[in-house]
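Visitor: Encoded as structure tokens, here's the structure I'll be asking about.
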Amino acid sequence: MKITCHFQPDSSEVDRWIRHFSQLLPDAEVTRWQPGDAPADYAFIWNPSRQFITEQTRLKAMFNAGAGVDAFLKLGLSVSCPLIRLEDAGMGEQMSDYVVQAALHHFRGFDRFQEQQQAALWRQRAPSDKADFPVGVLGFGVLGQRVARDLSAHGFAVHAWARSGRDTIDGIRLFHGEHALGEFLAATRILACLLPLTPETENILNKENLGRLRRGAYVINVARGAHVVDDDLIAAIDEGQIAGATLDVFREEPLPRSHPFWRHPRVRVTPHIAAISLYSDSVRQVVEKIRRIEAGLPVTGVVDTGRGY
């Protein structure tokens with residue numbers, strides 16, 4: 001069995017992935033892809049080049065080194081083998097920790113206390129009621145469900161939105177379909193975006209939809225930067241419609257030093273660290289799926305390229 005690994009634009013981590021694959025599949029040939037390489041059986045990829053896709057035509061499956069596959073789909077190339085995304089692989093706990101801390105940070109007013117510290121001002125504030133801060137989770141896949149459960153466990157009233165109907169979780173109201181998006185937004189005071197990036201979800205956090213949120217709502221984006229219309233979000237914050245935002249993902253990464261998000265007093269910026277794939281968990285998951293494919297068994301996480309996730 002031959003497994004090829006191909007990452008762009010930064011391939012510095014490939015050797016570490018190769019070592020993990022080799023440990024779990026000692027009989028496999030695991031290599032870094034080079035143009036002109038002989039066909040492999042499986043590929044582990046991130047943002048692959050067009051040349052890679054056109055040359056590797058005999059793959060049984062391609063495994064994406066993350067939950068989001070928008071970088072691959074942007075190539076617009078048809079492939080004859082399944083494209084399989086990572087499912088959690090240690091990301092769920094990290095993502096949930098990030099969103100829960102951002103929600104609690106806003107709910108408890110810690111930004112205001114930080115401002116007071118800078119002014120050497122000792123002023124206590126009356127506590128808020130979580131019943132007044134309903135949280136809406138935009139996107140209800142594997143990661144969205146984990147986040148919704150943990151927010152609920154922290155005492156927030158949680159509801160979620162998905163493009164299509166699916167199984168619900170006790171205590172979490174599920175909205176689904178375009179017709180229900182407005183109702184979902186109107187019920188939301190803290191919004192956590194965990195959507196896949198597709199043509200339908202790009203720019204979803206625009207002036208119109210930000211205006212549908214409860215006045216003074218807070219935005220947390222851990223999905224993709226292209227979900228947010230940057231100028232619309234800044235304007236909504238400046239106008240008071242949005243209280244502020246915690247943003248981990250951006251249209252251009254690294255975020256340019258000149259971008260106003262860096263300096264806006266109501267925006268918290270982190271460098272795409274909300275959830276990072278863990279080597280051991282990710283490779284173990286991929287190896288198990290390879291073994292199932294080799295045995296003729298079905299696997300989960302297969303991407304519907306038409307839908308984008």
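Scheme for the structure tokens: letters A, B, ... for chains in order shown; per-chain residue numbers from 1; ligand numbers from 1 in order shown.
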Do you know which residues are at most 10 Å from Ala160 of chain A counting only C-alpha atoms, after dropping those on the same chain fewer than 5 positions away, and could you put them as a PyMOL selection string?
Guide: chain A and resi 135-140+144-145+148+168-169+172-176+181+184-185+188+191-193
Visitor: Compile the contact shell of Asn203 of chain A as an MDAnalysis selection string: residues with an atom at most 6 Å away, counting only C-alpha atoms, same-chain residues fewer than 5 positions apart removed.
Guide: chainID A and resid 226:229
Visitor: Find the residues near Glu253 of chain A: any atom within 12 Å, counting only C-alpha atoms, skip ones fewer than 6 places away on the same chain, and give them as a PyMOL selection string.
Guide: chain A and resi 9+224-226+259+269-273
Visitor: Keeping only N, CA, C and O atoms, write those residues as a compact mmCIF listing (two decimals), in the first residue's frame.
Guide:
```txt
# COMPACT_ATOMS: atom_id res chain seq x y z
N PRO A 9 -0.12 25.81 1.58
CA PRO A 9 1.15 26.30 1.04
C PRO A 9 2.36 25.92 1.89
O PRO A 9 3.49 25.96 1.44
N ARG A 224 -15.04 29.89 8.96
CA ARG A 224 -14.20 30.42 7.90
C ARG A 224 -14.39 31.93 7.81
O ARG A 224 -15.49 32.45 8.03
N GLY A 225 -13.32 32.64 7.46
CA GLY A 225 -13.39 34.09 7.40
C GLY A 225 -14.39 34.61 6.39
O GLY A 225 -14.98 35.68 6.57
N ALA A 226 -14.59 33.86 5.30
CA ALA A 226 -15.49 34.32 4.24
C ALA A 226 -16.96 34.26 4.63
O ALA A 226 -17.82 34.69 3.87
N HIS A 259 -5.35 45.64 8.73
CA HIS A 259 -6.79 45.37 8.85
C HIS A 259 -7.35 46.00 10.13
O HIS A 259 -6.75 45.89 11.20
N VAL A 269 -9.09 39.14 18.38
CA VAL A 269 -8.50 38.41 17.25
C VAL A 269 -7.59 37.31 17.78
O VAL A 269 -6.75 37.54 18.65
N THR A 270 -7.76 36.09 17.25
CA THR A 270 -6.82 35.00 17.50
C THR A 270 -6.41 34.40 16.16
O THR A 270 -7.18 34.46 15.19
N PRO A 271 -5.21 33.82 16.07
CA PRO A 271 -4.64 33.42 14.77
C PRO A 271 -5.00 32.00 14.34
O PRO A 271 -4.13 31.15 14.14
N HIS A 272 -6.29 31.75 14.13
CA HIS A 272 -6.80 30.46 13.62
C HIS A 272 -6.29 29.31 14.49
O HIS A 272 -5.69 28.34 14.00
N ILE A 273 -6.60 29.41 15.79
CA ILE A 273 -6.12 28.38 16.73
C ILE A 273 -7.26 27.75 17.51
O ILE A 273 -7.00 26.98 18.45
```
Visitor: A:Leu213, A:Ala28, A:Val222, A:Val302: which is nearest Leu195 of chain A, counting only C-alpha atoms?
Guide: A:Val222
Visitor: List the spatial neighbours of Val147 of chain A as a list in words - criterion: any atom at most 8 Å away, only C-alpha atoms, same-chain residues fewer than 5 positions off excluded.
Guide: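 The contact residues come out as Gly92, Met95, Ser96, Val99, Val100 and Val137 of chain A.
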Visitor: Could you tell me which of A:Ile84, A:Ile190, A:Ala71, A:Val249 comes closest to His105 of chain A if we count only C-alpha atoms?
Guide: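 Among A:Ile84, A:Ile190, A:Ala71, A:Val249, it is A:Ile190 that comes nearest to His105 of chain A.
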Visitor: Taking 5 positions as the minimum chain separation for residues in the same chain, which residues sit within 8 Å of Leu83 of chain A when counting only C-alpha atoms? Answer as a list of chain:residue names.
Guide: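 The contact residues come out as A:Ala61, A:Met62, A:Phe63, A:Asn64, A:Val302, A:Val303.
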Visitor: Could you save those same residues with N, CA and C atoms as an mmCIF file, in the first residue's frame?
Guide:
```cif
data_model
loop_
_atom_site.group_PDB
_atom_site.id
_atom_site.type_symbol
_atom_site.label_atom_id
_atom_site.label_comp_id
_atom_site.auth_asym_id
_atom_site.auth_seq_id
_atom_site.Cartn_x
_atom_site.Cartn_y
_atom_site.Cartn_z
ATOM 1 N N ALA A 61 -9.020 6.735 -2.144
ATOM 2 C CA ALA A 61 -9.649 7.776 -1.326
ATOM 3 C C ALA A 61 -8.626 8.867 -1.051
ATOM 4 N N MET A 62 -9.122 10.102 -0.877
ATOM 5 C CA MET A 62 -8.307 11.211 -0.416
ATOM 6 C C MET A 62 -8.833 11.640 0.938
ATOM 7 N N PHE A 63 -7.914 11.832 1.883
ATOM 8 C CA PHE A 63 -8.282 12.258 3.229
ATOM 9 C C PHE A 63 -7.835 13.699 3.437
ATOM 10 N N ASN A 64 -8.776 14.547 3.804
ATOM 11 C CA ASN A 64 -8.493 15.955 4.029
ATOM 12 C C ASN A 64 -8.033 16.154 5.468
ATOM 13 N N VAL A 302 -17.500 11.017 4.405
ATOM 14 C CA VAL A 302 -17.351 11.209 2.958
ATOM 15 C C VAL A 302 -18.041 12.528 2.566
ATOM 16 N N VAL A 303 -17.346 13.358 1.840
ATOM 17 C CA VAL A 303 -17.845 14.687 1.478
ATOM 18 C C VAL A 303 -18.755 14.581 0.258
#
```
Visitor: Quick one: everything within 9 Å of Phe113 of chain A, counting only C-alpha atoms, minus sequence neighbours fewer than 3 positions away in the same chain. Send it as a PyMOL selection string.
Guide: chain A and resi 109-110+116-118+121-124
Visitor: Any chance you could export the current selection's N, CA and C atoms as a compact mmCIF listing (two decimals), in the first residue's frame?
Guide:
```txt
# COMPACT_ATOMS: atom_id res chain seq x y z
N GLY A 109 -18.83 40.11 31.01
CA GLY A 109 -18.39 41.48 30.84
C GLY A 109 -16.91 41.70 31.09
N PHE A 110 -16.09 40.69 30.78
CA PHE A 110 -14.67 40.81 31.09
C PHE A 110 -13.97 41.87 30.25
N GLN A 116 -11.57 48.79 32.66
CA GLN A 116 -11.46 49.40 33.98
C GLN A 116 -10.06 49.24 34.55
N GLN A 117 -9.45 48.08 34.32
CA GLN A 117 -8.09 47.86 34.82
C GLN A 117 -7.13 48.87 34.21
N GLN A 118 -7.27 49.11 32.92
CA GLN A 118 -6.37 50.05 32.25
C GLN A 118 -6.54 51.46 32.80
N LEU A 121 -9.61 51.57 37.58
CA LEU A 121 -10.96 51.87 38.09
C LEU A 121 -11.55 50.63 38.73
N TRP A 122 -11.87 50.71 40.02
CA TRP A 122 -12.47 49.60 40.76
C TRP A 122 -13.98 49.81 40.78
N ARG A 123 -14.69 49.02 39.98
CA ARG A 123 -16.15 49.19 39.91
C ARG A 123 -16.79 47.83 39.65
N GLN A 124 -17.53 47.34 40.61
CA GLN A 124 -18.26 46.09 40.42
C GLN A 124 -19.53 46.33 39.61
```
Visitor: Please return as a PDB file with C-alpha atoms, in the first residue's frame: the residues of segment 63-124 of chain A that backbone DSSP assigns to strand (DSSP E or B).
Guide:
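So the final result, stored in out.pdb, reads:
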```pdb
ATOM      1  CA  PHE A  63      -8.282  12.258   3.229  1.00  0.00           C
ATOM      2  CA  ASN A  64      -8.493  15.955   4.029  1.00  0.00           C
ATOM      3  CA  LEU A  83     -12.956  12.815  -0.504  1.00  0.00           C
ATOM      4  CA  ILE A  84     -13.094  12.136   3.238  1.00  0.00           C
ATOM      5  CA  ARG A  85     -12.826  14.810   5.937  1.00  0.00           C
TER       6      ARG A  85
END
```
Visitor: Hey, which of A:Ala236, A:Ala43, A:Ala65, A:Ala119 ends up closest to Val267 of chain A? Count only C-alpha atoms.
Guide: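 Checking each candidate against Val267 of chain A, we get A:Ala236 as the closest.
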Visitor: Record the distance separating atom CA of Leu210 of chain A and atom CA of Ala243 of chain A, expressed in Å with one decimal.
Guide: 11.1 Å
Visitor: Name the closest residue to Phe107 of chain A among the candidates A:Lys60, A:Asp150, A:Phe72, A:Gly216; distances are taken between atoms, counting only C-alpha atoms.
Guide: A:Gly216
Visitor: Could you tell me, as a list in words, which residues of segment 118-180 of chain A DSSP assigns to alpha helix (DSSP H) when given the backbone?
Guide: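 Checking each residue of segment 118-180 of chain A, the alpha helix (DSSP H) ones are Gln118, Val142, Leu143, Gly144, Gln145, Arg146, Val147, Ala148, Arg149, Asp150, Leu151, Ser152 and Ala153 of chain A.
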Visitor: So what do you get for atom CA of Arg212 of chain A versus atom CA of Arg146 of chain A, distance-wise?
Guide: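 Spanning atom CA of Arg212 of chain A to atom CA of Arg146 of chain A is a straight-line distance of 25.2 Å.
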Visitor: Tell me which of A:Phe133, A:Trp262, A:Trp161, A:Tyr42 sits closest to Arg58 of chain A, counting only C-alpha atoms.
Guide: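 Among the listed residues, the smallest separation from Arg58 of chain A belongs to A:Tyr42.
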